[in-house]
Amino acid sequence: MADDDRQMHRLQTVELDEESLAAVSRDQEQERQIAIFDLLEENHFHPEGAVAGPYDLRMGLVENRLVLDVTGPNYERRHILSLSPFRRLIKDYFIVCESYYQAIRNSTPAHIEALDMGRRGLHNEASELLQTRLSGKIETDLDTARRLFTLICALHWRG
């Protein structure tokens, strides 16, 4: 992908709908902040039909569906995705993350590494699913999809 295309088709802001967010733990809040920071540092985000960015993204949940409001120069569109295909992955991801956070505090490095590998595997699987679900709507690279999946999870966290 050309650098010019990457500069033209990128997110400049990401906002999570405050009404969609629940109270979170310190670990979850930090993960959310890191995902947004990393996403804004480097991303590829090309909405179908958009000539050029940069774009602003607002993410939220409405009736258990993911809502992506995308705006940019001469572009404004709302995408609504069913989260049903993600349910198992989100549930499994929460379980592994909670075990990972606990292990960081009182487990062996080998156990922490094993949990982290499982967490990354689930994250990759969910990110690829997100890319597939966004096909024909928004093109992203895998790293962008990974960070977006983290933010989807942030909308589901219950403190």
# chains A, B, ... in the order shown; residues from 1 in each chain; ligands from 1

$ closest_atom_pairs --of "region 22-78 of chain A" --to "region 118-136 of chain A" --cutoff "10 Å" --atoms "only C-alpha atoms" --output "CSV"
residue,atom,partner,partner_atom,distance
A:Pro47,CA,A:Gly136,CA,8.4
A:Glu48,CA,A:Gly136,CA,6.4
A:Gly49,CA,A:Gly136,CA,9.6

$ select_by_dssp --residues "chain A" --states "helix (DSSP H, G or I)" --output "PyMOL selection string"
chain A and resi 3-8+18-20+26-41+84-106+109-134+142-156

$ closest_residue --among "A:Gln12, A:Leu115, A:Val62, A:Ile34" --to "Tyr93 (chain A)" --atoms "only C-alpha atoms"
A:Leu115

$ closest_residue --among "A:Arg26, A:Asp143, A:Asp56, A:His156" --to "Leu68 (chain A)" --atoms "only C-alpha atoms"
A:Asp56

$ closest_residue --among "A:His46, A:Lys137, A:Arg146, A:Arg32" --to "Ile80 (chain A)" --atoms "only C-alpha atoms"
A:Lys137

$ decode --residues "region 109-145 of chain A" --atoms "N, CA and C atoms" --output "PDB file, in the first residue's frame"
ATOM      1  N   PRO A 109       6.339 -16.221  34.884  1.00  0.00           N
ATOM      2  CA  PRO A 109       6.476 -15.672  33.534  1.00  0.00           C
ATOM      3  C   PRO A 109       5.968 -16.637  32.459  1.00  0.00           C
ATOM      4  N   ALA A 110       6.184 -17.934  32.633  1.00  0.00           N
ATOM      5  CA  ALA A 110       5.732 -18.912  31.632  1.00  0.00           C
ATOM      6  C   ALA A 110       4.200 -18.917  31.540  1.00  0.00           C
ATOM      7  N   HIS A 111       3.531 -18.832  32.673  1.00  0.00           N
ATOM      8  CA  HIS A 111       2.067 -18.816  32.679  1.00  0.00           C
ATOM      9  C   HIS A 111       1.543 -17.531  32.038  1.00  0.00           C
ATOM     10  N   ILE A 112       2.168 -16.403  32.363  1.00  0.00           N
ATOM     11  CA  ILE A 112       1.777 -15.122  31.779  1.00  0.00           C
ATOM     12  C   ILE A 112       1.954 -15.157  30.266  1.00  0.00           C
ATOM     13  N   GLU A 113       3.074 -15.712  29.804  1.00  0.00           N
ATOM     14  CA  GLU A 113       3.343 -15.794  28.371  1.00  0.00           C
ATOM     15  C   GLU A 113       2.319 -16.683  27.664  1.00  0.00           C
ATOM     16  N   ALA A 114       1.952 -17.799  28.282  1.00  0.00           N
ATOM     17  CA  ALA A 114       0.961 -18.701  27.684  1.00  0.00           C
ATOM     18  C   ALA A 114      -0.395 -17.997  27.558  1.00  0.00           C
ATOM     19  N   LEU A 115      -0.800 -17.278  28.596  1.00  0.00           N
ATOM     20  CA  LEU A 115      -2.065 -16.544  28.536  1.00  0.00           C
ATOM     21  C   LEU A 115      -2.009 -15.440  27.485  1.00  0.00           C
ATOM     22  N   ASP A 116      -0.862 -14.767  27.391  1.00  0.00           N
ATOM     23  CA  ASP A 116      -0.721 -13.702  26.409  1.00  0.00           C
ATOM     24  C   ASP A 116      -0.806 -14.248  24.987  1.00  0.00           C
ATOM     25  N   MET A 117      -0.226 -15.423  24.764  1.00  0.00           N
ATOM     26  CA  MET A 117      -0.313 -16.047  23.435  1.00  0.00           C
ATOM     27  C   MET A 117      -1.769 -16.373  23.095  1.00  0.00           C
ATOM     28  N   GLY A 118      -2.514 -16.887  24.068  1.00  0.00           N
ATOM     29  CA  GLY A 118      -3.922 -17.181  23.850  1.00  0.00           C
ATOM     30  C   GLY A 118      -4.719 -15.923  23.574  1.00  0.00           C
ATOM     31  N   ARG A 119      -4.400 -14.880  24.310  1.00  0.00           N
ATOM     32  CA  ARG A 119      -5.075 -13.590  24.138  1.00  0.00           C
ATOM     33  C   ARG A 119      -4.809 -13.038  22.735  1.00  0.00           C
ATOM     34  N   ARG A 120      -3.546 -13.103  22.299  1.00  0.00           N
ATOM     35  CA  ARG A 120      -3.213 -12.609  20.951  1.00  0.00           C
ATOM     36  C   ARG A 120      -3.888 -13.430  19.866  1.00  0.00           C
ATOM     37  N   GLY A 121      -3.966 -14.737  20.066  1.00  0.00           N
ATOM     38  CA  GLY A 121      -4.628 -15.601  19.090  1.00  0.00           C
ATOM     39  C   GLY A 121      -6.103 -15.243  18.925  1.00  0.00           C
ATOM     40  N   LEU A 122      -6.804 -15.060  20.048  1.00  0.00           N
ATOM     41  CA  LEU A 122      -8.205 -14.651  19.988  1.00  0.00           C
ATOM     42  C   LEU A 122      -8.347 -13.277  19.345  1.00  0.00           C
ATOM     43  N   HIS A 123      -7.431 -12.386  19.685  1.00  0.00           N
ATOM     44  CA  HIS A 123      -7.453 -11.030  19.143  1.00  0.00           C
ATOM     45  C   HIS A 123      -7.288 -11.060  17.619  1.00  0.00           C
ATOM     46  N   ASN A 124      -6.357 -11.877  17.140  1.00  0.00           N
ATOM     47  CA  ASN A 124      -6.144 -11.998  15.693  1.00  0.00           C
ATOM     48  C   ASN A 124      -7.380 -12.573  15.002  1.00  0.00           C
ATOM     49  N   GLU A 125      -7.955 -13.612  15.589  1.00  0.00           N
ATOM     50  CA  GLU A 125      -9.145 -14.232  14.992  1.00  0.00           C
ATOM     51  C   GLU A 125     -10.294 -13.220  14.905  1.00  0.00           C
ATOM     52  N   ALA A 126     -10.506 -12.476  15.976  1.00  0.00           N
ATOM     53  CA  ALA A 126     -11.580 -11.478  15.985  1.00  0.00           C
ATOM     54  C   ALA A 126     -11.290 -10.342  15.009  1.00  0.00           C
ATOM     55  N   SER A 127     -10.038  -9.962  14.880  1.00  0.00           N
ATOM     56  CA  SER A 127      -9.663  -8.881  13.960  1.00  0.00           C
ATOM     57  C   SER A 127      -9.893  -9.282  12.509  1.00  0.00           C
ATOM     58  N   GLU A 128      -9.576 -10.517  12.188  1.00  0.00           N
ATOM     59  CA  GLU A 128      -9.827 -11.013  10.834  1.00  0.00           C
ATOM     60  C   GLU A 128     -11.333 -11.076  10.560  1.00  0.00           C
ATOM     61  N   LEU A 129     -12.106 -11.485  11.566  1.00  0.00           N
ATOM     62  CA  LEU A 129     -13.563 -11.494  11.423  1.00  0.00           C
ATOM     63  C   LEU A 129     -14.078 -10.071  11.205  1.00  0.00           C
ATOM     64  N   LEU A 130     -13.535  -9.112  11.950  1.00  0.00           N
ATOM     65  CA  LEU A 130     -13.952  -7.719  11.783  1.00  0.00           C
ATOM     66  C   LEU A 130     -13.645  -7.230  10.373  1.00  0.00           C
ATOM     67  N   GLN A 131     -12.471  -7.547   9.857  1.00  0.00           N
ATOM     68  CA  GLN A 131     -12.139  -7.155   8.481  1.00  0.00           C
ATOM     69  C   GLN A 131     -13.140  -7.750   7.494  1.00  0.00           C
ATOM     70  N   THR A 132     -13.518  -8.997   7.699  1.00  0.00           N
ATOM     71  CA  THR A 132     -14.491  -9.660   6.833  1.00  0.00           C
ATOM     72  C   THR A 132     -15.850  -8.981   6.935  1.00  0.00           C
ATOM     73  N   ARG A 133     -16.282  -8.668   8.165  1.00  0.00           N
ATOM     74  CA  ARG A 133     -17.594  -8.036   8.377  1.00  0.00           C
ATOM     75  C   ARG A 133     -17.635  -6.614   7.810  1.00  0.00           C
ATOM     76  N   LEU A 134     -16.472  -5.950   7.763  1.00  0.00           N
ATOM     77  CA  LEU A 134     -16.412  -4.597   7.218  1.00  0.00           C
ATOM     78  C   LEU A 134     -16.223  -4.581   5.700  1.00  0.00           C
ATOM     79  N   SER A 135     -15.981  -5.752   5.109  1.00  0.00           N
ATOM     80  CA  SER A 135     -15.744  -5.845   3.677  1.00  0.00           C
ATOM     81  C   SER A 135     -16.873  -5.170   2.901  1.00  0.00           C
ATOM     82  N   GLY A 136     -16.493  -4.311   1.952  1.00  0.00           N
ATOM     83  CA  GLY A 136     -17.470  -3.577   1.158  1.00  0.00           C
ATOM     84  C   GLY A 136     -17.957  -2.309   1.838  1.00  0.00           C
ATOM     85  N   LYS A 137     -17.540  -2.099   3.091  1.00  0.00           N
ATOM     86  CA  LYS A 137     -17.923  -0.897   3.831  1.00  0.00           C
ATOM     87  C   LYS A 137     -16.691  -0.054   4.172  1.00  0.00           C
ATOM     88  N   ILE A 138     -15.713  -0.723   4.828  1.00  0.00           N
ATOM     89  CA  ILE A 138     -14.488  -0.042   5.264  1.00  0.00           C
ATOM     90  C   ILE A 138     -13.327  -1.022   5.121  1.00  0.00           C
ATOM     91  N   GLU A 139     -12.278  -0.588   4.449  1.00  0.00           N
ATOM     92  CA  GLU A 139     -11.062  -1.398   4.323  1.00  0.00           C
ATOM     93  C   GLU A 139     -10.088  -0.976   5.423  1.00  0.00           C
ATOM     94  N   THR A 140      -9.551  -1.974   6.134  1.00  0.00           N
ATOM     95  CA  THR A 140      -8.529  -1.702   7.152  1.00  0.00           C
ATOM     96  C   THR A 140      -7.396  -2.704   6.996  1.00  0.00           C
ATOM     97  N   ASP A 141      -6.252  -2.385   7.601  1.00  0.00           N
ATOM     98  CA  ASP A 141      -5.206  -3.395   7.705  1.00  0.00           C
ATOM     99  C   ASP A 141      -5.432  -4.160   9.011  1.00  0.00           C
ATOM    100  N   LEU A 142      -4.652  -5.220   9.231  1.00  0.00           N
ATOM    101  CA  LEU A 142      -4.868  -6.067  10.398  1.00  0.00           C
ATOM    102  C   LEU A 142      -4.616  -5.310  11.700  1.00  0.00           C
ATOM    103  N   ASP A 143      -3.576  -4.482  11.766  1.00  0.00           N
ATOM    104  CA  ASP A 143      -3.294  -3.737  12.999  1.00  0.00           C
ATOM    105  C   ASP A 143      -4.437  -2.788  13.345  1.00  0.00           C
ATOM    106  N   THR A 144      -4.998  -2.130  12.350  1.00  0.00           N
ATOM    107  CA  THR A 144      -6.132  -1.238  12.590  1.00  0.00           C
ATOM    108  C   THR A 144      -7.325  -2.053  13.087  1.00  0.00           C
ATOM    109  N   ALA A 145      -7.591  -3.183  12.466  1.00  0.00           N
ATOM    110  CA  ALA A 145      -8.702  -4.039  12.890  1.00  0.00           C
ATOM    111  C   ALA A 145      -8.484  -4.543  14.317  1.00  0.00           C
TER     112      ALA A 145
END
